[in-house]
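Below is structure28.pdb, which holds PDB, C-alpha atoms.
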ATOM      1  CA  MET A   1     -17.687  17.259  -7.621
ATOM      2  CA  THR A   2     -14.498  16.197  -5.796
ATOM      3  CA  PRO A   3     -13.058  12.897  -7.087
ATOM      4  CA  SER A   4     -13.003  10.074  -4.566
ATOM      5  CA  LEU A   5      -9.893   9.331  -2.542
ATOM      6  CA  LYS A   6      -8.675   5.740  -2.717
ATOM      7  CA  ILE A   7      -5.847   3.968  -0.921
ATOM      8  CA  VAL A   8      -4.049   1.350  -3.001
ATOM      9  CA  LYS A   9      -1.917  -1.172  -1.116
ATOM     10  CA  LEU A  10       0.736  -2.553  -3.493
ATOM     11  CA  GLY A  11       2.102  -5.832  -2.178
ATOM     12  CA  GLY A  12       5.873  -5.791  -1.815
ATOM     13  CA  SER A  13       5.985  -9.264  -3.367
ATOM     14  CA  LEU A  14       4.987  -7.648  -6.674
ATOM     15  CA  LEU A  15       8.212  -5.676  -6.964
ATOM     16  CA  ASP A  16       9.991  -8.635  -8.579
ATOM     17  CA  PHE A  17       7.141  -9.188 -11.060
ATOM     18  CA  PRO A  18       8.457  -8.450 -14.591
ATOM     19  CA  ASN A  19       5.058  -7.186 -15.800
ATOM     20  CA  LEU A  20       4.395  -4.998 -12.751
ATOM     21  CA  THR A  21       4.560  -1.692 -14.615
ATOM     22  CA  LEU A  22       2.405  -2.810 -17.531
ATOM     23  CA  ASN A  23      -0.194  -4.516 -15.361
ATOM     24  CA  PHE A  24      -0.379  -1.702 -12.821
ATOM     25  CA  HIS A  25      -0.984   0.999 -15.415
ATOM     26  CA  HIS A  26      -3.413  -1.209 -17.327
ATOM     27  CA  TRP A  27      -5.371  -1.716 -14.115
ATOM     28  CA  LEU A  28      -5.187   1.995 -13.304
ATOM     29  CA  THR A  29      -6.662   3.058 -16.648
ATOM     30  CA  ARG A  30      -9.681   0.841 -15.938
ATOM     31  CA  GLU A  31     -10.252   2.388 -12.503
ATOM     32  CA  THR A  32     -12.972   4.927 -11.881
ATOM     33  CA  ALA A  33     -11.918   8.542 -11.524
ATOM     34  CA  GLY A  34     -10.316   9.552  -8.251
ATOM     35  CA  ARG A  35      -7.122  10.292  -6.411
ATOM     36  CA  HIS A  36      -5.108   7.133  -5.755
ATOM     37  CA  ILE A  37      -2.534   7.021  -2.956
ATOM     38  CA  VAL A  38      -0.292   3.967  -3.180
ATOM     39  CA  ILE A  39       1.139   2.381  -0.016
ATOM     40  CA  VAL A  40       3.858  -0.197  -0.727
ATOM     41  CA  GLY A  41       4.395  -3.291   1.400
ATOM     42  CA  GLY A  42       7.675  -4.662   2.688
ATOM     43  CA  GLY A  43       7.720  -7.849   0.647
ATOM     44  CA  GLN A  44      10.795 -10.051   0.730
ATOM     45  CA  MET A  45      12.758  -7.649   2.915
ATOM     46  CA  VAL A  46      10.204  -8.066   5.697
ATOM     47  CA  GLU A  47      10.222 -11.845   5.290
ATOM     48  CA  GLU A  48      13.980 -11.787   5.802
ATOM     49  CA  ILE A  49      13.516  -9.720   8.975
ATOM     50  CA  ARG A  50      11.018 -12.280  10.243
ATOM     51  CA  GLN A  51      13.370 -15.181   9.483
ATOM     52  CA  ARG A  52      16.368 -13.549  11.161
ATOM     53  CA  GLN A  53      14.555 -12.335  14.281
ATOM     54  CA  VAL A  54      15.394 -15.234  16.590
ATOM     55  CA  ALA A  55      18.987 -15.657  15.470
ATOM     56  CA  LEU A  56      19.737 -11.956  15.934
ATOM     57  CA  SER A  57      17.646 -11.544  19.120
ATOM     58  CA  TRP A  58      15.503  -8.791  17.666
ATOM     59  CA  SER A  59      12.387  -7.909  19.644
ATOM     60  CA  ASP A  60       9.012  -7.513  17.949
ATOM     61  CA  GLU A  61       9.442  -3.754  18.417
ATOM     62  CA  ASP A  62      12.808  -3.905  16.600
ATOM     63  CA  CYS A  63      11.253  -5.887  13.778
ATOM     64  CA  HIS A  64       8.368  -3.416  13.508
ATOM     65  CA  GLU A  65      10.754  -0.518  12.966
ATOM     66  CA  ARG A  66      12.872  -2.506  10.507
ATOM     67  CA  ALA A  67       9.736  -3.470   8.590
ATOM     68  CA  LEU A  68       8.746   0.201   8.340
ATOM     69  CA  MET A  69      12.207   0.957   6.944
ATOM     70  CA  ALA A  70      11.694  -1.804   4.375
ATOM     71  CA  MET A  71       8.383  -0.224   3.362
ATOM     72  CA  ARG A  72      10.170   3.103   2.961
ATOM     73  CA  ASP A  73      12.804   1.567   0.699
ATOM     74  CA  ASN A  74      10.180  -0.258  -1.342
ATOM     75  CA  SER A  75       8.172   2.946  -1.784
ATOM     76  CA  GLN A  76      11.093   4.509  -3.601
ATOM     77  CA  ILE A  77      11.738   1.370  -5.638
ATOM     78  CA  ALA A  78       8.080   1.235  -6.680
ATOM     79  CA  ALA A  79       8.070   4.926  -7.616
ATOM     80  CA  LYS A  80      10.892   4.274 -10.070
ATOM     81  CA  ARG A  81       9.364   1.066 -11.413
ATOM     82  CA  LEU A  82       5.922   2.616 -11.907
ATOM     83  CA  ASP A  83       7.149   6.080 -12.908
ATOM     84  CA  LEU A  84       5.014   7.752 -10.272
ATOM     85  CA  PRO A  85       5.727  10.688  -7.958
ATOM     86  CA  TRP A  86       6.192   9.897  -4.282
ATOM     87  CA  THR A  87       6.476  11.781  -1.028
ATOM     88  CA  ASP A  88       6.813  11.123   2.686
ATOM     89  CA  ASP A  89       5.780  14.633   3.681
ATOM     90  CA  GLN A  90       2.295  14.927   5.169
ATOM     91  CA  ALA A  91       1.918  18.623   4.359
ATOM     92  CA  SER A  92       2.721  17.959   0.702
ATOM     93  CA  LEU A  93       0.306  15.044   0.694
ATOM     94  CA  HIS A  94      -2.567  17.164   2.010
ATOM     95  CA  ARG A  95      -1.836  19.916  -0.534
ATOM     96  CA  TRP A  96      -1.944  17.292  -3.265
ATOM     97  CA  ILE A  97      -5.220  15.864  -1.960
ATOM     98  CA  ASN A  98      -6.759  19.342  -1.982
ATOM     99  CA  ASP A  99      -5.516  20.657  -5.312
ATOM    100  CA  GLN A 100      -3.687  17.762  -7.039
ATOM    101  CA  THR A 101      -0.320  19.560  -7.008
ATOM    102  CA  ILE A 102       2.401  16.958  -7.594
ATOM    103  CA  PRO A 103       4.624  16.986  -4.486
ATOM    104  CA  LEU A 104       8.398  17.277  -4.344
ATOM    105  CA  ASN A 105       9.556  14.633  -6.767
ATOM    106  CA  PRO A 106      10.002  14.928 -10.538
ATOM    107  CA  THR A 107       6.958  14.802 -12.780
ATOM    108  CA  PRO A 108       6.611  11.261 -14.181
ATOM    109  CA  LYS A 109       7.571  10.591 -17.798
ATOM    110  CA  ARG A 110       4.518   8.379 -18.202
ATOM    111  CA  THR A 111       1.301  10.155 -19.161
ATOM    112  CA  ILE A 112      -1.358   9.356 -16.562
ATOM    113  CA  PRO A 113      -4.976   9.718 -17.768
ATOM    114  CA  SER A 114      -6.466  13.085 -16.867
ATOM    115  CA  LYS A 115      -9.161  11.453 -14.728
ATOM    116  CA  MET A 116      -6.437   9.992 -12.512
ATOM    117  CA  ALA A 117      -4.198  11.534  -9.915
ATOM    118  CA  THR A 118      -1.836   8.969  -8.467
ATOM    119  CA  LEU A 119       1.155   9.098  -6.160
ATOM    120  CA  ILE A 120       3.099   6.857  -3.818
ATOM    121  CA  PHE A 121       3.159   7.878  -0.180
ATOM    122  CA  ASP A 122       5.672   6.551   2.315
ATOM    123  CA  SER A 123       3.681   6.294   5.535
ATOM    124  CA  SER A 124       6.503   4.769   7.601
ATOM    125  CA  ALA A 125       7.266   7.967   9.530
ATOM    126  CA  MET A 126       3.579   8.441  10.407
ATOM    127  CA  ALA A 127       3.298   4.851  11.586
ATOM    128  CA  SER A 128       6.527   4.971  13.581
ATOM    129  CA  VAL A 129       5.260   7.722  15.881
ATOM    130  CA  ASP A 130       1.706   6.424  16.306
ATOM    131  CA  LEU A 131       1.763   4.797  19.737
ATOM    132  CA  SER A 132      -1.667   3.248  19.195
ATOM    133  CA  LEU A 133      -0.296   0.809  16.608
ATOM    134  CA  PRO A 134       0.724  -2.628  17.903
ATOM    135  CA  LYS A 135       4.391  -3.378  17.275
ATOM    136  CA  CYS A 136       4.073  -7.067  16.529
ATOM    137  CA  TRP A 137       3.696  -9.491  13.634
ATOM    138  CA  ASP A 138      -0.103  -9.420  13.924
ATOM    139  CA  LEU A 139       0.070  -6.062  12.151
ATOM    140  CA  THR A 140       1.589  -5.885   8.686
ATOM    141  CA  SER A 141       1.356  -3.522   5.732
ATOM    142  CA  ASP A 142      -2.225  -4.509   4.837
ATOM    143  CA  SER A 143      -3.455  -3.255   8.207
ATOM    144  CA  LEU A 144      -1.152  -0.240   7.975
ATOM    145  CA  ALA A 145      -2.769   0.686   4.659
ATOM    146  CA  ALA A 146      -6.214   0.433   6.271
ATOM    147  CA  TRP A 147      -4.996   2.472   9.278
ATOM    148  CA  PHE A 148      -3.663   5.109   6.869
ATOM    149  CA  ALA A 149      -6.996   5.236   5.020
ATOM    150  CA  HIS A 150      -8.774   6.094   8.258
ATOM    151  CA  ARG A 151      -6.126   8.664   9.177
ATOM    152  CA  ILE A 152      -6.618  10.709   6.014
ATOM    153  CA  GLY A 153     -10.354  10.200   5.641
ATOM    154  CA  ALA A 154     -10.413   7.759   2.726
ATOM    155  CA  ARG A 155     -13.241   5.254   2.571
ATOM    156  CA  GLU A 156     -11.906   2.821  -0.022
ATOM    157  CA  LEU A 157      -8.930   0.448   0.105
ATOM    158  CA  ILE A 158      -7.761  -1.648  -2.842
ATOM    159  CA  LEU A 159      -5.340  -4.508  -2.159
ATOM    160  CA  LEU A 160      -3.083  -5.298  -5.130
ATOM    161  CA  LYS A 161      -1.698  -8.758  -4.469
ATOM    162  CA  SER A 162       0.223 -11.605  -6.104
ATOM    163  CA  ARG A 163      -2.742 -13.986  -6.099
ATOM    164  CA  GLY A 164      -6.501 -13.979  -5.971
ATOM    165  CA  ALA A 165      -8.460 -13.793  -2.747
ATOM    166  CA  PRO A 166      -9.173 -17.159  -1.089
ATOM    167  CA  LYS A 167     -12.671 -18.555  -1.330
ATOM    168  CA  GLY A 168     -14.986 -17.152   1.312
ATOM    169  CA  TRP A 169     -12.785 -14.219   2.287
ATOM    170  CA  ARG A 170     -14.448 -10.967   3.243
ATOM    171  CA  PRO A 171     -12.669  -7.884   4.629
ATOM    172  CA  LEU A 172     -13.982  -8.492   8.144
ATOM    173  CA  SER A 173     -13.447 -12.263   8.057
ATOM    174  CA  GLN A 174     -11.278 -13.954  10.670
ATOM    175  CA  GLY A 175      -9.044 -16.949   9.984
ATOM    176  CA  PHE A 176      -7.394 -15.832   6.735
ATOM    177  CA  GLU A 177      -3.949 -15.105   8.151
ATOM    178  CA  ASP A 178      -2.238 -16.447   5.016
ATOM    179  CA  TRP A 179      -4.000 -13.681   3.061
ATOM    180  CA  VAL A 180      -4.108 -10.667   5.408
ATOM    181  CA  ASP A 181      -2.725 -10.170   8.901
ATOM    182  CA  PRO A 182      -4.823 -11.069  11.981
ATOM    183  CA  LEU A 183      -5.562  -7.419  12.810
ATOM    184  CA  PHE A 184      -6.826  -6.534   9.343
ATOM    185  CA  PRO A 185     -10.556  -7.019  10.127
ATOM    186  CA  LYS A 186     -10.234  -4.494  12.952
ATOM    187  CA  PHE A 187      -8.532  -1.854  10.817
ATOM    188  CA  ALA A 188     -10.707  -2.529   7.749
ATOM    189  CA  LEU A 189     -13.914  -1.797   9.660
ATOM    190  CA  GLY A 190     -15.775   1.032   7.932
ATOM    191  CA  LEU A 191     -13.830   0.750   4.673
ATOM    192  CA  LYS A 192     -14.862  -0.546   1.276
ATOM    193  CA  VAL A 193     -12.156  -3.141   0.592
ATOM    194  CA  THR A 194     -11.514  -4.932  -2.703
ATOM    195  CA  SER A 195      -8.590  -7.008  -3.935
ATOM    196  CA  VAL A 196      -6.924  -7.493  -7.311
ATOM    197  CA  ASN A 197      -4.534 -10.223  -8.430
ATOM    198  CA  LEU A 198      -2.041  -8.042 -10.272
ATOM    199  CA  ARG A 199      -0.152 -11.063 -11.599
ATOM    200  CA  ALA A 200      -3.226 -12.142 -13.562
ATOM    201  CA  PRO A 201      -3.211 -11.758 -17.359
ATOM    202  CA  ARG A 202      -3.903  -8.123 -18.241
ATOM    203  CA  GLU A 203      -7.171  -8.968 -19.976
ATOM    204  CA  ASN A 204      -8.438 -10.284 -16.620
ATOM    205  CA  LEU A 205      -7.581  -7.171 -14.595
TER     206      LEU A 205
END
Output the file's structure in the form of structure tokens.
Amino acid sequence: MTPSLKIVKLGGSLLDFPNLTLNFHHWLTRETAGRHIVIVGGGQMVEEIRQRQVALSWSDEDCHERALMAMRDNSQIAAKRLDLPWTDDQASLHRWINDQTIPLNPTPKRTIPSKMATLIFDSSAMASVDLSLPKCWDLTSDSLAAWFAHRIGARELILLKSRGAPKGWRPLSQGFEDWVDPLFPKFALGLKVTSVNLRAPRENL
């Protein structure tokens, strides 16, 4: 039986969390078996792009590309913090999905449970050339993670965030723009979506 394929969106705001590594791996050991592909958000770097847009006369298209670059940088930072392999090569990713070969980057020092297969994938190059994606602030890394899940045939998306989901939120709910971007319900359609507050005490994860 082939293990399930899950997309894990790691919020960029978690990269400054001192207990990120401990909490992430504690959460991972409690996950059901499967291949986990981690997509990392832009975090503070993207917020700075947003704040500087008007002053520097950047278009939404400019900001979109800069945000993708921030996600790329954060993917590499997260790989080091979490001691996980990462790749930005689609061919390597598909080989890994099919046979669990670790792509390109050094084997992690941390021992990952045998039921798990986890890597970080930088999807910025894929997103940059997809003309169907809106290049505006209505689309952020949460929707990009859902878009990526559809692209590779995953059916489950897990959002690792810095706080718990607001009361009444559901993946297809509108009006929760302080939690996910406005386009998220569209991209989340057809996916099983759950969220985890990774800053919570480890016993609550």
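Taking only C-alpha atoms into account, Met126 of chain A lies nearest to A:Asp89 out of the set A:Asp99, A:Asp178, A:Asp89, A:Glu203.
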Per-residue nearest contacts segment 103-203 of chain A to segment 9-31 of chain A, cut-off 12 Å, using only C-alpha atoms, as a tab-separated table:
residue	atom	partner	partner_atom	distance
A:Arg110	CA	A:His25	CA	9.6
A:Thr111	CA	A:His25	CA	10.2
A:Ile112	CA	A:Thr29	CA	8.2
A:Pro113	CA	A:Thr29	CA	7.0
A:Ser114	CA	A:Thr29	CA	10.0
A:Lys115	CA	A:Thr29	CA	9.0
A:Met116	CA	A:Thr29	CA	8.1
A:Ala117	CA	A:Leu28	CA	10.2
A:Thr118	CA	A:Leu28	CA	9.1
A:Leu119	CA	A:Lys9	CA	11.8
A:Ile120	CA	A:Leu10	CA	9.7
A:Phe121	CA	A:Lys9	CA	10.4
A:Asp122	CA	A:Lys9	CA	11.4
A:Ser123	CA	A:Lys9	CA	11.5
A:Thr140	CA	A:Gly11	CA	10.9
A:Ser141	CA	A:Lys9	CA	7.9
A:Asp142	CA	A:Lys9	CA	6.8
A:Ser143	CA	A:Lys9	CA	9.7
A:Leu144	CA	A:Lys9	CA	9.2
A:Ala145	CA	A:Lys9	CA	6.1
A:Ala146	CA	A:Lys9	CA	8.7
A:Trp147	CA	A:Lys9	CA	11.4
A:Phe148	CA	A:Lys9	CA	10.3
A:Ala149	CA	A:Lys9	CA	10.2
A:Glu156	CA	A:Lys9	CA	10.8
A:Leu157	CA	A:Lys9	CA	7.3
A:Ile158	CA	A:Lys9	CA	6.1
A:Leu159	CA	A:Lys9	CA	4.9
A:Leu160	CA	A:Leu10	CA	5.0
A:Lys161	CA	A:Gly11	CA	5.3
A:Ser162	CA	A:Leu14	CA	6.2
A:Arg163	CA	A:Leu14	CA	10.0
A:Trp179	CA	A:Gly11	CA	11.2
A:Val180	CA	A:Gly11	CA	10.9
A:Val193	CA	A:Lys9	CA	10.6
A:Thr194	CA	A:Lys9	CA	10.4
A:Ser195	CA	A:Lys9	CA	9.3
A:Val196	CA	A:Trp27	CA	9.1
A:Asn197	CA	A:Asn23	CA	10.0
A:Leu198	CA	A:Asn23	CA	6.5
A:Arg199	CA	A:Phe17	CA	7.5
A:Ala200	CA	A:Asn23	CA	8.4
A:Pro201	CA	A:Asn23	CA	8.1
A:Arg202	CA	A:Asn23	CA	5.9
A:Glu203	CA	A:His26	CA	9.0
d(atom CA of His36 of chain A, atom CA of Lys6 of chain A) in Å: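 Result for atom CA of His36 of chain A versus atom CA of Lys6 of chain A: 4.9 Å, one decimal.
Separating atom CA of Glu65 of chain A from atom CA of Ser128 of chain A is a distance of 7.0 Å.
Put simply, the PyMOL selection byres ((chain A and resi 74) around 8) on this file hits Gly12, Val40, Gly41, Gly42, Ala70, Met71, Arg72, Asp73, Ser75, Gln76, Ile77 and Ala78 of chain A.
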Distance query Ala188 of chain A at most 7 Å, only C-alpha atoms, self and fewer than 2 positions along chain excluded, as a PyMOL selection string: chain A and resi 146+171-172+184-186+190-191
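Among A:Leu139, A:Cys63, A:Ile7, A:Leu82, the residue with the shortest atom-to-atom distance to Glu47 of chain A, counting all atoms listed in the file, is A:Cys63.
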Given the PyMOL selection byres ((chain A and resi 5) around 9) and the file above, list the residues it selects as a PyMOL selection string. chain A and resi 2-4+6-7+34-37+97+153-156
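The spacing separating atom CA of Ile152 of chain A from atom CA of Val38 of chain A amounts to 13.0 Å.
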Axis-aligned box for segment 195-200 of chain A, 3 Å per side, centre and edges in Å as JSON:
{"center_x": -4.4, "center_y": -9.6, "center_z": -8.7, "size_x": 14.4, "size_y": 11.1, "size_z": 15.6}
